[in-house]
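As stored in structure-v6.cif (mmCIF, C-alpha atoms and all ligand atoms):
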data_upload
loop_
_atom_site.label_atom_id
_atom_site.label_comp_id
_atom_site.auth_asym_id
_atom_site.auth_seq_id
_atom_site.Cartn_x
_atom_site.Cartn_y
_atom_site.Cartn_z
CA MET A 1 -77.35 -39.56 5.42
CA LYS A 2 -76.72 -35.94 6.38
CA ILE A 3 -73.11 -35.03 7.02
CA ALA A 4 -71.78 -31.96 8.82
CA LEU A 5 -68.32 -30.49 8.90
CA VAL A 6 -67.34 -29.24 12.35
CA ILE A 7 -64.32 -26.98 12.68
CA PHE A 8 -62.55 -26.85 16.06
CA THR A 9 -60.96 -23.51 16.88
CA LYS A 10 -58.97 -21.84 19.59
CA ASN A 11 -57.53 -18.60 18.22
CA GLU A 12 -57.25 -19.70 14.60
CA ARG A 13 -58.23 -16.49 12.75
CA ARG A 14 -55.15 -16.19 10.55
CA ASN A 15 -55.09 -19.91 9.83
CA SER A 16 -58.82 -19.99 9.13
CA GLU A 17 -58.43 -17.19 6.58
CA LYS A 18 -56.01 -19.38 4.64
CA MET A 19 -57.58 -22.80 5.16
CA PHE A 20 -61.32 -22.10 4.99
CA PRO A 21 -61.30 -21.26 1.25
CA LYS A 22 -59.73 -24.68 0.62
CA ILE A 23 -62.66 -26.61 2.12
CA PRO A 24 -65.04 -28.14 -0.48
CA LEU A 25 -68.21 -26.85 1.25
CA ARG A 26 -70.55 -28.48 -1.27
CA LEU A 27 -69.73 -31.91 0.19
CA PHE A 28 -71.55 -31.08 3.43
CA ASP A 29 -75.12 -30.58 4.63
CA GLY A 30 -73.99 -28.16 7.32
CA ILE A 31 -70.83 -26.36 8.45
CA TYR A 32 -70.32 -25.47 12.13
CA VAL A 33 -67.61 -24.23 14.43
CA VAL A 34 -66.92 -25.15 18.04
CA ASP A 35 -64.79 -22.41 19.52
CA ALA A 36 -62.90 -22.20 22.80
CA LYS A 37 -63.37 -18.50 23.62
CA SER A 38 -61.05 -17.26 20.91
CA ASN A 39 -60.07 -13.62 21.31
CA ASP A 40 -58.39 -13.08 17.96
CA GLY A 41 -61.47 -12.58 15.77
CA THR A 42 -61.94 -16.26 14.88
CA ARG A 43 -65.63 -16.13 15.84
CA ASP A 44 -66.28 -12.98 13.79
CA PHE A 45 -64.55 -14.54 10.80
CA TYR A 46 -66.97 -17.49 10.76
CA LYS A 47 -70.04 -15.50 11.81
CA ALA A 48 -69.45 -13.19 8.84
CA LYS A 49 -69.79 -16.29 6.67
CA LYS A 50 -73.12 -17.12 8.37
CA ILE A 51 -71.61 -20.15 10.06
CA LYS A 52 -72.96 -21.07 13.49
CA VAL A 53 -70.36 -20.92 16.23
CA PHE A 54 -70.97 -23.05 19.34
CA ASP A 55 -69.43 -22.72 22.79
CA GLN A 56 -68.46 -25.70 24.87
CA ILE A 57 -69.27 -26.58 28.47
CA TYR A 58 -66.43 -29.01 29.09
CA PRO A 59 -62.80 -28.00 28.60
CA GLY A 60 -60.35 -28.81 25.83
CA VAL A 61 -60.76 -30.62 22.56
CA GLY A 62 -62.77 -33.25 24.43
CA GLY A 63 -65.27 -30.54 25.30
CA ALA A 64 -65.36 -29.55 21.64
CA TYR A 65 -66.49 -33.07 20.62
CA GLU A 66 -69.20 -33.06 23.29
CA SER A 67 -70.46 -29.70 22.09
CA ALA A 68 -70.31 -30.78 18.43
CA PHE A 69 -72.48 -33.84 18.94
CA ARG A 70 -74.90 -32.10 21.32
CA ASN A 71 -75.42 -28.94 19.27
CA THR A 72 -75.74 -30.46 15.81
CA LYS A 73 -78.31 -32.89 14.45
CA LYS A 74 -76.66 -34.39 11.36
CA ASP A 75 -76.11 -38.17 11.13
CA ALA A 76 -72.34 -37.93 10.89
CA LEU A 77 -69.67 -35.36 11.72
CA VAL A 78 -66.35 -34.71 10.06
CA ILE A 79 -63.97 -32.85 12.36
CA PHE A 80 -61.55 -30.38 10.77
CA HIS A 81 -58.65 -28.41 12.28
CA PRO A 82 -58.10 -25.17 10.33
CA ASP A 83 -54.51 -24.66 11.55
CA GLY A 84 -52.90 -26.22 8.46
CA ASN A 85 -52.58 -29.76 9.88
CA SER A 86 -55.73 -31.19 8.28
CA ASP A 87 -55.33 -31.68 4.52
CA PRO A 88 -58.64 -30.64 2.90
CA LYS A 89 -57.97 -33.20 0.15
CA ALA A 90 -58.96 -35.96 2.61
CA LEU A 91 -62.49 -34.57 3.03
CA SER A 92 -64.06 -36.07 -0.07
CA LYS A 93 -62.71 -39.52 0.81
CA MET A 94 -64.15 -39.26 4.33
CA VAL A 95 -67.57 -38.27 2.99
CA GLN A 96 -67.43 -41.07 0.42
CA LEU A 97 -66.65 -43.66 3.13
CA LEU A 98 -69.45 -42.38 5.38
CA ARG A 99 -71.87 -42.66 2.47
CA LYS A 100 -70.69 -46.25 1.96
CA GLY A 101 -71.77 -46.98 5.54
CA GLU A 102 -68.50 -46.73 7.42
CA GLN A 103 -68.85 -45.45 10.97
CA PHE A 104 -65.46 -44.26 12.13
CA ILE A 105 -62.86 -42.97 9.69
CA ILE A 106 -59.34 -41.79 10.45
CA PRO A 107 -57.04 -40.35 7.79
CA SER A 108 -53.81 -41.85 9.10
CA ARG A 109 -50.49 -40.02 9.17
CA MET A 110 -48.65 -43.24 9.99
CA ILE A 111 -49.26 -45.71 7.16
CA LYS A 112 -47.70 -46.23 3.73
CA GLY A 113 -48.18 -43.18 1.54
CA ALA A 114 -48.84 -40.88 4.52
CA ALA A 115 -46.88 -38.04 6.05
CA ASN A 116 -46.66 -36.59 9.51
CA GLU A 117 -45.83 -33.06 10.62
CA GLU A 118 -42.66 -34.37 12.30
CA ASP A 119 -41.32 -36.32 9.32
CA ASP A 120 -38.68 -33.69 8.55
CA GLN A 121 -37.33 -33.75 12.13
CA SER A 122 -34.79 -36.32 13.32
CA PHE A 123 -36.32 -36.68 16.81
CA LYS A 124 -39.96 -37.47 16.21
CA TYR A 125 -41.34 -37.55 19.76
CA ARG A 126 -45.03 -37.27 18.94
CA LYS A 127 -44.84 -39.66 16.02
CA TRP A 128 -42.94 -42.39 17.86
CA SER A 129 -45.00 -42.23 21.03
CA ASN A 130 -48.16 -42.29 18.92
CA GLN A 131 -46.90 -45.35 16.99
CA LEU A 132 -45.99 -47.16 20.20
CA MET A 133 -49.35 -46.44 21.83
CA SER A 134 -51.25 -47.30 18.63
CA THR A 135 -49.58 -50.71 18.42
CA LEU A 136 -50.21 -51.43 22.10
CA VAL A 137 -53.83 -50.29 22.03
CA SER A 138 -54.57 -52.28 18.85
CA MET A 139 -52.97 -55.41 20.36
CA LEU A 140 -54.92 -55.07 23.59
CA TRP A 141 -58.34 -54.15 22.27
CA GLY A 142 -58.46 -54.78 18.51
CA ARG A 143 -60.70 -57.72 17.63
CA ASP A 144 -61.23 -59.41 14.24
CA GLY A 145 -58.48 -57.37 12.59
CA ASN A 146 -59.80 -54.04 13.87
CA LYS A 147 -56.92 -51.65 14.61
CA CYS A 148 -55.74 -48.07 14.48
CA SER A 149 -52.35 -46.78 13.37
CA ASP A 150 -52.91 -43.14 14.39
CA LEU A 151 -54.62 -42.82 17.76
CA THR A 152 -53.98 -39.12 18.21
CA GLN A 153 -55.25 -37.96 14.82
CA GLY A 154 -58.02 -35.49 15.62
CA TYR A 155 -58.95 -35.09 11.97
CA ARG A 156 -61.60 -37.82 11.76
CA ALA A 157 -65.19 -38.64 10.91
CA MET A 158 -67.79 -40.48 12.92
CA THR A 159 -71.46 -41.26 12.73
CA ARG A 160 -73.64 -40.04 15.56
CA ARG A 161 -74.63 -43.65 16.28
CA ALA A 162 -70.99 -44.68 16.64
CA TYR A 163 -70.24 -41.72 18.92
CA GLU A 164 -73.23 -42.59 21.11
CA LYS A 165 -72.05 -46.20 21.34
CA LEU A 166 -68.73 -44.99 22.75
CA ASN A 167 -70.69 -43.80 25.78
CA ILE A 168 -68.32 -40.97 26.66
CA LYS A 169 -70.18 -38.65 29.03
CA ILE A 170 -67.47 -36.13 29.91
CA PRO A 171 -64.60 -36.52 27.44
CA SER A 172 -60.96 -36.30 28.39
CA PRO A 173 -60.06 -32.63 27.76
CA ILE A 174 -56.69 -33.34 26.19
CA ALA A 175 -56.79 -36.97 25.07
CA PRO A 176 -60.28 -37.47 23.61
CA ASP A 177 -58.88 -38.88 20.38
CA ILE A 178 -57.27 -41.91 21.98
CA GLU A 179 -60.24 -42.29 24.32
CA GLN A 180 -62.58 -42.61 21.33
CA VAL A 181 -60.33 -45.13 19.57
CA ILE A 182 -59.98 -47.38 22.62
CA ARG A 183 -63.74 -47.34 23.21
CA ALA A 184 -64.39 -48.08 19.53
CA LEU A 185 -62.01 -51.06 19.57
CA LYS A 186 -63.57 -52.34 22.78
CA ARG A 187 -67.06 -52.14 21.30
CA GLY A 188 -66.10 -53.60 17.94
CA ILE A 189 -66.79 -50.42 15.96
CA LYS A 190 -64.75 -50.78 12.79
CA ILE A 191 -62.10 -48.11 12.22
CA VAL A 192 -61.33 -47.38 8.58
CA GLU A 193 -58.07 -45.66 7.68
CA PHE A 194 -56.50 -44.25 4.55
CA PRO A 195 -53.22 -42.32 4.19
CA THR A 196 -53.14 -38.54 4.52
CA ARG A 197 -50.34 -36.00 4.37
CA GLU A 198 -50.40 -33.78 7.41
CA GLY A 199 -49.55 -30.14 6.75
CA HIS A 200 -47.60 -27.86 9.05
CA ARG A 201 -49.42 -25.53 11.43
CA LEU A 202 -49.35 -22.20 9.56
CA HIS A 203 -49.43 -19.65 12.42
CA GLY A 204 -49.48 -19.75 16.19
CA LYS A 205 -48.63 -22.51 18.59
CA THR A 206 -50.22 -25.86 19.35
CA SER A 207 -52.55 -26.01 22.36
CA MET A 208 -51.24 -29.53 23.01
CA PRO A 209 -47.71 -29.47 24.42
CA SER A 210 -46.23 -32.94 23.93
CA ILE A 211 -45.42 -33.96 27.50
CA ARG A 212 -48.76 -32.84 28.92
CA THR A 213 -50.59 -34.65 26.14
CA SER A 214 -48.54 -37.82 26.69
CA ILE A 215 -49.35 -37.84 30.40
CA GLU A 216 -53.03 -37.40 29.63
CA ASN A 217 -52.90 -40.15 26.97
CA LEU A 218 -51.38 -42.51 29.52
CA LYS A 219 -54.02 -41.60 32.10
CA VAL A 220 -56.79 -42.45 29.61
CA PHE A 221 -54.98 -45.66 28.66
CA PHE A 222 -54.70 -46.90 32.27
CA ARG A 223 -58.24 -45.85 33.11
CA GLU A 224 -59.52 -47.82 30.12
CA LEU A 225 -57.47 -50.84 31.24
CA LEU A 226 -59.30 -50.79 34.54
CA VAL A 227 -62.88 -50.34 33.32
N1 LIG B 301 -63.07 -25.91 20.33
C1 LIG B 301 -61.82 -26.11 20.75
N2 LIG B 301 -60.83 -26.21 19.85
C2 LIG B 301 -59.57 -26.41 20.32
C3 LIG B 301 -59.24 -26.47 21.70
N3 LIG B 301 -57.90 -26.68 21.81
C4 LIG B 301 -57.42 -26.71 20.56
N4 LIG B 301 -58.41 -26.55 19.66
C5 LIG B 301 -58.36 -26.60 18.19
O1 LIG B 301 -58.23 -27.96 17.85
C6 LIG B 301 -57.30 -28.15 16.80
C7 LIG B 301 -56.13 -29.01 17.27
O2 LIG B 301 -55.37 -28.32 18.24
P1 LIG B 301 -53.80 -28.09 18.06
O3 LIG B 301 -53.39 -27.12 19.13
O4 LIG B 301 -53.47 -27.73 16.66
O5 LIG B 301 -53.23 -29.53 18.41
P2 LIG B 301 -52.15 -30.39 17.60
O6 LIG B 301 -52.53 -30.36 16.15
O7 LIG B 301 -52.26 -31.75 18.21
O8 LIG B 301 -50.83 -29.75 17.83
C8 LIG B 301 -56.91 -26.73 16.35
O9 LIG B 301 -57.75 -26.36 15.28
C9 LIG B 301 -57.18 -25.89 17.59
O10 LIG B 301 -57.52 -24.54 17.27
C10 LIG B 301 -60.34 -26.34 22.64
O11 LIG B 301 -60.16 -26.36 23.86
N5 LIG B 301 -61.58 -26.18 22.10
MG MG B 302 -52.91 -28.77 14.99
#

Would you put the structure from the file into structure tokens?
Amino acid sequence: MKIALVIFTKNERRNSEKMFPKIPLRLFDGIYVVDAKSNDGTRDFYKAKKIKVFDQIYPGVGGAYESAFRNTKKDALVIFHPDGNSDPKALSKMVQLLRKGEQFIIPSRMIKGAANEEDDQSFKYRKWSNQLMSTLVSMLWGRDGNKCSDLTQGYRAMTRRAYEKLNIKIPSPIAPDIEQVIRALKRGIKIVEFPTREGHRLHGKTSMPSIRTSIENLKVFFRELLV
């Protein structure tokens, strides 16, 4: 099995400079970037390292997944966010699980031994809404013990076969992560989780303001209820 690492970027030059050296490159058969028209030198940073940078035709992080699977050929993709959120220590475990034959792997920020970016805040909006939605989605669509504790975790790994089975033609721009999980539960694709400790975003701001993301998550949820 050939495994690629795909890095999603939208103006992540400063963060990439700090995070890229922490990635164990030897684990992968290819390293790629999907970039959303960054204008801060992100593309030059990766091109200087001889890493292929792909554009996307559909908007948002959803468009980045579509581009990643269309432009690469490897059997499985591991998605990495170089902003400081994704802990590079989880990469070897993801690769190990893919090699064992697992199809969809999510390092969870919500289970015992894990940590979430909001854990040091008293009002944990993203964490609590994620936990609520994760419970609901798992109850509704999880079969034979299949479930997910961290729907919105974008740091994940999937085989190409599993992604194709999800049958997502044009992904949700803002809520592709929950869209993939719901489809996987519906189709009985097993989701494997292990605890990870989410780091803080190092520089810059999130492209996913909480309220807008929540509305989009709900839209995907209700659409999936109806189809
Ligand atoms: N290719 C691509 N990457 C994106 C886009 N939006 C955000 N990203 C990247 O995807 C990752 C997750 O986005 P981020 O704003 O950190 O979301 P958060 O972690 O949920 O707050 C980061 O590495 C971003 O640079 C997009 O439209 N296209
Ligand atoms: Mg982030």

Checklist line | Contacts of A:Pro107 within 10 Å, all atoms listed in the file, excl. fewer than 2 positions in-chain, as a list in words | finding: Ser86, Asp87, Ala90, Leu91, Lys93, Met94, Ile105, Arg109, Met110, Ile111, Ala114, Ser149, Asp150, Gln153, Gly154, Tyr155, Arg156, Ala157, Val192, Glu193, Phe194, Pro195, Thr196, Arg197 and Glu198 of chain A

Q) Using only C-alpha atoms and all ligand atoms, which protein or nucleic acid residues are at most 7 Å from ligand LIG 301 (chain B), as a list of chain:residue names? A)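 These are the residues that qualify: A:Phe8, A:Thr9, A:Lys10, A:Asn11, A:Glu12, A:Val34, A:Asp35, A:Ala36, A:Pro59, A:Gly60, A:Val61, A:Gly63, A:Ala64, A:His81, A:Pro82, A:Asp83, A:Asn85, A:Gly154, A:Arg201, A:Lys205, A:Thr206, A:Ser207, A:Met208.
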
Using all atoms listed in the file, the shortest atom-to-atom distance to ligand MG 302 (chain B) among A:Gly84, A:Pro209, A:Pro171, A:Pro176 belongs to A:Gly84

Students should find that atom CA of A:Ser108 and atom CA of A:Glu17 are spaced 25.2 Å

In Å to one decimal, how far is atom CA of A:Ala115 from atom CA of A:Arg99?
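Interatomic distance here is 25.7 Å.
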
- atom CA of A:Pro173 to atom CA of A:Glu216: how many Å, to one decimal?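 So the two atoms, atom CA of A:Pro173 and atom CA of A:Glu216, lie 8.7 Å apart.
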
*asked:* Please list as a list of chain:residue names every residue within 10 Å of A:Gln180, counting all atoms listed in the file and excluding residues in the same chain fewer than 3 positions away.
replied: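 With the cut-off at 10 Å, the set is A:Gly62, A:Phe104, A:Leu151, A:Thr152, A:Ala162, A:Tyr163, A:Leu166, A:Asn167, A:Ile168, A:Pro171, A:Ser172, A:Ala175, A:Pro176, A:Asp177, A:Arg183, A:Ala184, A:Leu185, A:Lys186.
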
Could you tell me which of A:Leu202, A:Val95, A:Ile170, A:Val220 comes closest to A:Ile57 if we count all atoms listed in the file?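 Using all atoms listed in the file, the shortest distance to A:Ile57 belongs to A:Ile170.
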
| message | The residues within 10 Å of (-62.4, -24.5, 5.1), using only C-alpha atoms and the coordinates of the file, should be reported as a list in words; which are they? | response |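 Here is the list of nearby residues: Leu5, Val6, Ile7, Asn15, Ser16, Glu17, Lys18, Met19, Phe20, Pro21, Lys22, Ile23, Pro24, Leu25, Ile31, Phe80, His81, Pro82, Ser86 and Pro88 of chain A.
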
Once 8 Å is added on each side, what are the centre and the three edge lengths, in Å to one decimal, of the axis-aligned box enclosing the listed atoms of stretch 4-15 of chain A? Present them as JSON.
{"center_x": -63.4, "center_y": -24.1, "center_z": 14.2, "size_x": 32.7, "size_y": 31.8, "size_z": 26.8}

- Task: For A:Arg161, list every protein, DNA or RNA residue within 10 Å, evaluated using only C-alpha atoms, and leave out those in the same chain fewer than 3 positions away; present the list as a ChimeraX atom specification.
- Result: /A:75-76,103,158,164-166

**Message:** Distance cut-off 12 Å, centre (-74.9, -30.3, 17.1) in file coordinates, counting only C-alpha atoms: which residues qualify? Return them as a VMD selection string.
**Reply:** chain A and resid 3 to 7 30 to 34 52 to 56 64 to 78 160
